[in-house]
Amino acid sequence: QVQLVESGGGLVQAGGSLRLSCAASGRTFSTDAMGWFRQAPGKEREFVAAFSWSGRGPTYADSVKGRFTLSRDNAKNTVNLQMNSLKPEDTAVYYCAARPETTYSTRYKSYTGEGEYDYWGQGTQVTVSS
């Protein structure tokens with residue numbers, strides 16, 4: 001059974017940093033396109049960041065560009081989201097998602113839509129105080 005588990009959330013003051021991690025059990029990420037999404041109270045889940053299974057060309061939402069950085073460690077089977085210069089509007093539950101890829105032709109493709117992912121974690125709460 002595939003499980004994705006997020007960690008690293010918490011309470012931080014505006015301007016601070018957090019590092020979220022997503023670990024997988026039951027499968028490896030090495031050929032998965034990966035993404036992070038978030039859902040604030042009363043709002044729909046939205047795209048945050050994603051990269052292709054090859055790790056090339058991370059894609060970021062405009063709201064986090066320049067502040068968040070996506071990385072992966074295939075040896076540890078984890079994907080990380082470094083979040084700097086956090087703002088109160090970053091407060092949300094953050095989810096990681098995985099999409100297994102089976103063809104070499106998609107090695108540079110990242111996905112920004114929820115429906116494009118097959119596996120999801122349970123989420124980790126990030127709260128940024130002003």
# chains A, B, ... in the order shown; residues from 1 in each chain; ligands from 1

call {"tool": "residues_around", "arguments": {"residues": "Thr91 of chain A", "least_positions_apart": "3", "cutoff": "10 Å", "atoms": "only C-alpha atoms", "output": "JSON list (two decimals) with all heavy atoms, in the first residue's frame"}}
result
[["chain", "number", "residue", "atom", "x", "y", "z"],
["A", 10, "GLY", "N", 4.05, 23.58, 11.18],
["A", 10, "GLY", "CA", 4.07, 24.15, 12.52],
["A", 10, "GLY", "C", 3.64, 25.60, 12.50],
["A", 10, "GLY", "O", 3.09, 26.09, 11.50],
["A", 11, "LEU", "N", 3.91, 26.27, 13.61],
["A", 11, "LEU", "CA", 3.57, 27.67, 13.78],
["A", 11, "LEU", "C", 4.84, 28.50, 13.66],
["A", 11, "LEU", "O", 5.85, 28.20, 14.32],
["A", 11, "LEU", "CB", 2.92, 27.88, 15.15],
["A", 11, "LEU", "CG", 2.63, 29.32, 15.57],
["A", 11, "LEU", "CD1", 1.62, 29.96, 14.64],
["A", 11, "LEU", "CD2", 2.12, 29.35, 17.02],
["A", 12, "VAL", "N", 4.80, 29.52, 12.85],
["A", 12, "VAL", "CA", 5.97, 30.37, 12.65],
["A", 12, "VAL", "C", 5.51, 31.81, 12.48],
["A", 12, "VAL", "O", 4.39, 32.06, 12.03],
["A", 12, "VAL", "CB", 6.78, 29.89, 11.43],
["A", 12, "VAL", "CG1", 5.98, 30.04, 10.15],
["A", 12, "VAL", "CG2", 8.12, 30.58, 11.32],
["A", 38, "ARG", "N", -1.87, 23.24, -1.35],
["A", 38, "ARG", "CA", -2.26, 23.71, -0.03],
["A", 38, "ARG", "C", -3.74, 24.10, -0.04],
["A", 38, "ARG", "O", -4.30, 24.45, -1.08],
["A", 38, "ARG", "CB", -1.40, 24.88, 0.43],
["A", 38, "ARG", "CG", -1.59, 26.15, -0.38],
["A", 38, "ARG", "CD", -0.57, 27.20, 0.06],
["A", 38, "ARG", "NE", -0.74, 28.44, -0.67],
["A", 38, "ARG", "CZ", 0.09, 29.49, -0.55],
["A", 38, "ARG", "NH1", 1.14, 29.41, 0.25],
["A", 38, "ARG", "NH2", -0.14, 30.59, -1.24],
["A", 39, "GLN", "N", -4.33, 24.03, 1.14],
["A", 39, "GLN", "CA", -5.73, 24.42, 1.29],
["A", 39, "GLN", "C", -5.89, 25.24, 2.55],
["A", 39, "GLN", "O", -5.65, 24.74, 3.65],
["A", 39, "GLN", "CB", -6.63, 23.19, 1.34],
["A", 39, "GLN", "CG", -8.11, 23.52, 1.32],
["A", 39, "GLN", "CD", -8.97, 22.31, 1.07],
["A", 39, "GLN", "OE1", -8.56, 21.17, 1.28],
["A", 39, "GLN", "NE2", -10.19, 22.54, 0.59],
["A", 40, "ALA", "N", -6.29, 26.48, 2.35],
["A", 40, "ALA", "CA", -6.56, 27.38, 3.46],
["A", 40, "ALA", "C", -8.01, 27.22, 3.89],
["A", 40, "ALA", "O", -8.85, 26.78, 3.09],
["A", 40, "ALA", "CB", -6.28, 28.82, 3.04],
["A", 41, "PRO", "N", -8.34, 27.59, 5.14],
["A", 41, "PRO", "CA", -9.72, 27.45, 5.60],
["A", 41, "PRO", "C", -10.70, 28.19, 4.69],
["A", 41, "PRO", "O", -10.49, 29.35, 4.34],
["A", 41, "PRO", "CB", -9.67, 28.09, 7.00],
["A", 41, "PRO", "CG", -8.25, 27.96, 7.42],
["A", 41, "PRO", "CD", -7.44, 28.08, 6.18],
["A", 86, "LEU", "N", 7.94, 33.56, 5.00],
["A", 86, "LEU", "CA", 6.54, 33.16, 5.09],
["A", 86, "LEU", "C", 5.64, 34.35, 5.44],
["A", 86, "LEU", "O", 6.03, 35.26, 6.18],
["A", 86, "LEU", "CB", 6.38, 32.04, 6.11],
["A", 86, "LEU", "CG", 6.82, 30.66, 5.59],
["A", 86, "LEU", "CD1", 7.06, 29.70, 6.74],
["A", 86, "LEU", "CD2", 5.80, 30.10, 4.63],
["A", 87, "LYS", "N", 4.43, 34.30, 4.89],
["A", 87, "LYS", "CA", 3.45, 35.35, 5.10],
["A", 87, "LYS", "C", 2.21, 34.74, 5.74],
["A", 87, "LYS", "O", 1.95, 33.53, 5.56],
["A", 87, "LYS", "CB", 3.07, 35.97, 3.76],
["A", 87, "LYS", "CG", 4.23, 36.50, 2.95],
["A", 87, "LYS", "CD", 3.76, 36.99, 1.59],
["A", 87, "LYS", "CE", 4.93, 37.50, 0.76],
["A", 87, "LYS", "NZ", 4.47, 37.97, -0.59],
["A", 88, "PRO", "N", 1.40, 35.52, 6.41],
["A", 88, "PRO", "CA", 0.16, 34.98, 6.99],
["A", 88, "PRO", "C", -0.73, 34.30, 5.95],
["A", 88, "PRO", "O", -1.40, 33.30, 6.26],
["A", 88, "PRO", "CB", -0.51, 36.23, 7.58],
["A", 88, "PRO", "CG", 0.63, 37.11, 7.94],
["A", 88, "PRO", "CD", 1.64, 36.91, 6.84],
["A", 94, "TYR", "N", -0.83, 21.77, 4.02],
["A", 94, "TYR", "CA", -0.02, 21.49, 2.84],
["A", 94, "TYR", "C", 0.00, 19.99, 2.57],
["A", 94, "TYR", "O", 0.21, 19.18, 3.48],
["A", 94, "TYR", "CB", 1.41, 22.00, 3.05],
["A", 94, "TYR", "CG", 1.52, 23.49, 2.90],
["A", 94, "TYR", "CD1", 0.97, 24.36, 3.85],
["A", 94, "TYR", "CD2", 2.13, 24.06, 1.79],
["A", 94, "TYR", "CE1", 1.04, 25.73, 3.71],
["A", 94, "TYR", "CE2", 2.22, 25.43, 1.63],
["A", 94, "TYR", "CZ", 1.68, 26.26, 2.59],
["A", 94, "TYR", "OH", 1.75, 27.62, 2.44],
["A", 125, "GLN", "N", -0.16, 20.93, 8.79],
["A", 125, "GLN", "CA", -0.64, 22.30, 9.01],
["A", 125, "GLN", "C", 0.53, 23.27, 9.09],
["A", 125, "GLN", "O", 1.49, 23.04, 9.85],
["A", 125, "GLN", "CB", -1.45, 22.37, 10.29],
["A", 125, "GLN", "CG", -1.92, 23.77, 10.67],
["A", 125, "GLN", "CD", -3.00, 24.29, 9.72],
["A", 125, "GLN", "OE1", -3.97, 23.60, 9.42],
["A", 125, "GLN", "NE2", -2.84, 25.54, 9.27],
["A", 126, "VAL", "N", 0.43, 24.36, 8.36],
["A", 126, "VAL", "CA", 1.37, 25.47, 8.46],
["A", 126, "VAL", "C", 0.57, 26.70, 8.87],
["A", 126, "VAL", "O", -0.40, 27.05, 8.19],
["A", 126, "VAL", "CB", 2.08, 25.72, 7.11],
["A", 126, "VAL", "CG1", 2.89, 27.01, 7.16],
["A", 126, "VAL", "CG2", 2.99, 24.53, 6.77],
["A", 127, "THR", "N", 0.98, 27.32, 9.95],
["A", 127, "THR", "CA", 0.32, 28.53, 10.44],
["A", 127, "THR", "C", 1.35, 29.63, 10.57],
["A", 127, "THR", "O", 2.37, 29.45, 11.25],
["A", 127, "THR", "CB", -0.36, 28.28, 11.79],
["A", 127, "THR", "OG1", -1.29, 27.20, 11.67],
["A", 127, "THR", "CG2", -1.10, 29.53, 12.25],
["A", 128, "VAL", "N", 1.10, 30.75, 9.92],
["A", 128, "VAL", "CA", 2.02, 31.88, 9.95],
["A", 128, "VAL", "C", 1.32, 33.03, 10.66],
["A", 128, "VAL", "O", 0.28, 33.50, 10.20],
["A", 128, "VAL", "CB", 2.45, 32.30, 8.53],
["A", 128, "VAL", "CG1", 3.48, 33.42, 8.61],
["A", 128, "VAL", "CG2", 3.00, 31.11, 7.76],
["A", 129, "SER", "N", 1.89, 33.46, 11.76],
["A", 129, "SER", "CA", 1.29, 34.54, 12.53],
["A", 129, "SER", "C", 1.87, 35.88, 12.11],
["A", 129, "SER", "O", 3.04, 35.98, 11.73],
["A", 129, "SER", "CB", 1.52, 34.32, 14.02],
["A", 129, "SER", "OG", 2.90, 34.35, 14.31]]

call {"tool": "residues_around", "arguments": {"residues": "Phe29 of chain A", "least_positions_apart": "4", "cutoff": "10 Å", "atoms": "only C-alpha atoms", "output": "PyMOL selection string"}}
result
chain A and resi 23-25+33-34+53+72-79+98-101

call {"tool": "select_by_dssp", "arguments": {"residues": "chain A", "states": "strand (DSSP E or B)", "output": "mmCIF file with C-alpha atoms, in the first residue's frame"}}
result
data_model
loop_
_atom_site.group_PDB
_atom_site.id
_atom_site.type_symbol
_atom_site.label_atom_id
_atom_site.label_comp_id
_atom_site.auth_asym_id
_atom_site.auth_seq_id
_atom_site.Cartn_x
_atom_site.Cartn_y
_atom_site.Cartn_z
ATOM 1 C CA GLN A 3 1.529 6.038 1.670
ATOM 2 C CA LEU A 4 2.777 9.588 1.515
ATOM 3 C CA VAL A 5 3.498 11.265 4.824
ATOM 4 C CA GLU A 6 4.148 14.982 5.176
ATOM 5 C CA SER A 7 6.039 16.467 8.102
ATOM 6 C CA GLY A 10 4.066 24.153 12.516
ATOM 7 C CA LEU A 11 3.569 27.671 13.782
ATOM 8 C CA VAL A 12 5.972 30.372 12.654
ATOM 9 C CA GLN A 13 6.030 34.151 12.659
ATOM 10 C CA LEU A 18 9.786 26.081 7.521
ATOM 11 C CA ARG A 19 10.904 22.975 5.661
ATOM 12 C CA LEU A 20 8.253 20.456 4.748
ATOM 13 C CA SER A 21 9.141 16.898 3.847
ATOM 14 C CA CYS A 22 7.171 14.211 2.103
ATOM 15 C CA ALA A 23 8.221 10.613 2.590
ATOM 16 C CA ALA A 24 6.866 7.615 0.779
ATOM 17 C CA SER A 25 6.337 4.051 1.835
ATOM 18 C CA ASP A 32 7.175 10.036 -10.004
ATOM 19 C CA ALA A 33 6.232 13.568 -10.877
ATOM 20 C CA MET A 34 5.737 15.306 -7.532
ATOM 21 C CA GLY A 35 3.689 18.232 -6.411
ATOM 22 C CA TRP A 36 2.728 20.268 -3.363
ATOM 23 C CA PHE A 37 -0.689 21.797 -2.868
ATOM 24 C CA ARG A 38 -2.263 23.705 -0.028
ATOM 25 C CA GLN A 39 -5.729 24.419 1.289
ATOM 26 C CA GLU A 46 -4.466 25.205 -4.763
ATOM 27 C CA PHE A 47 -1.243 24.373 -6.509
ATOM 28 C CA VAL A 48 2.023 25.404 -4.833
ATOM 29 C CA ALA A 49 4.964 23.716 -6.587
ATOM 30 C CA ALA A 50 5.805 20.722 -8.739
ATOM 31 C CA PHE A 51 8.550 19.067 -10.693
ATOM 32 C CA THR A 59 7.193 24.981 -11.428
ATOM 33 C CA TYR A 60 5.911 27.357 -8.761
ATOM 34 C CA PHE A 68 9.687 28.463 -1.837
ATOM 35 C CA THR A 69 12.132 25.890 -3.175
ATOM 36 C CA LEU A 70 11.359 22.328 -4.145
ATOM 37 C CA SER A 71 13.941 19.550 -3.913
ATOM 38 C CA ARG A 72 14.054 15.790 -3.880
ATOM 39 C CA ASP A 73 16.356 13.210 -2.383
ATOM 40 C CA THR A 78 11.760 12.212 0.148
ATOM 41 C CA VAL A 79 10.616 15.426 -1.449
ATOM 42 C CA ASN A 80 11.138 18.691 0.383
ATOM 43 C CA LEU A 81 9.592 22.132 0.237
ATOM 44 C CA GLN A 82 11.733 24.872 1.734
ATOM 45 C CA MET A 83 9.527 27.829 2.590
ATOM 46 C CA ALA A 92 -2.901 26.349 5.101
ATOM 47 C CA VAL A 93 -2.763 22.596 5.228
ATOM 48 C CA TYR A 94 -0.021 21.490 2.841
ATOM 49 C CA TYR A 95 -0.285 18.261 0.879
ATOM 50 C CA CYS A 96 2.225 16.397 -1.223
ATOM 51 C CA ALA A 97 1.144 14.348 -4.195
ATOM 52 C CA ALA A 98 2.737 11.824 -6.512
ATOM 53 C CA ARG A 99 2.071 10.785 -10.078
ATOM 54 C CA PRO A 100 3.858 7.655 -11.289
ATOM 55 C CA TYR A 119 -1.363 9.545 -4.497
ATOM 56 C CA TRP A 120 -1.804 12.081 -1.718
ATOM 57 C CA GLY A 121 -0.551 12.559 1.795
ATOM 58 C CA THR A 124 0.546 19.032 7.463
ATOM 59 C CA GLN A 125 -0.640 22.303 9.007
ATOM 60 C CA VAL A 126 1.367 25.471 8.457
ATOM 61 C CA THR A 127 0.320 28.525 10.442
ATOM 62 C CA VAL A 128 2.017 31.880 9.948
ATOM 63 C CA SER A 129 1.285 34.542 12.529
#

call {"tool": "atom_distance", "arguments": {"atom1": "atom CA of Thr28 of chain A", "atom2": "atom CA of Gly57 of chain A"}}
result
20.3 Å

call {"tool": "atom_distance", "arguments": {"atom1": "atom CA of Gly42 of chain A", "atom2": "atom CA of Pro58 of chain A"}}
result
27.8 Å

call {"tool": "atom_distance", "arguments": {"atom1": "atom CA of Asp62 of chain A", "atom2": "atom CA of Gly115 of chain A"}}
result
20.1 Å

call {"tool": "residues_around", "arguments": {"residues": "Ser52 of chain A", "least_positions_apart": "5", "cutoff": "6 Å", "atoms": "only C-alpha atoms", "output": "ChimeraX atom specification"}}
result
/A:33,107-110

call {"tool": "write_last_selection", "arguments": {"atoms": "N, CA and C atoms", "output": "PDB file, in the first residue's frame"}}
result
ATOM      1  N   ALA A  33       6.362  12.110 -10.911  1.00  0.00           N
ATOM      2  CA  ALA A  33       6.232  13.568 -10.877  1.00  0.00           C
ATOM      3  C   ALA A  33       5.631  13.915  -9.514  1.00  0.00           C
ATOM      4  N   ARG A 107       9.707  12.994 -18.952  1.00  0.00           N
ATOM      5  CA  ARG A 107      10.729  13.249 -17.931  1.00  0.00           C
ATOM      6  C   ARG A 107      10.842  14.716 -17.563  1.00  0.00           C
ATOM      7  N   TYR A 108      10.379  15.623 -18.402  1.00  0.00           N
ATOM      8  CA  TYR A 108      10.476  17.053 -18.099  1.00  0.00           C
ATOM      9  C   TYR A 108       9.116  17.662 -17.761  1.00  0.00           C
ATOM     10  N   LYS A 109       8.104  16.835 -17.661  1.00  0.00           N
ATOM     11  CA  LYS A 109       6.761  17.372 -17.476  1.00  0.00           C
ATOM     12  C   LYS A 109       6.379  17.432 -16.003  1.00  0.00           C
ATOM     13  N   SER A 110       5.911  18.601 -15.579  1.00  0.00           N
ATOM     14  CA  SER A 110       5.369  18.753 -14.229  1.00  0.00           C
ATOM     15  C   SER A 110       3.885  19.074 -14.352  1.00  0.00           C
TER      16      SER A 110
END
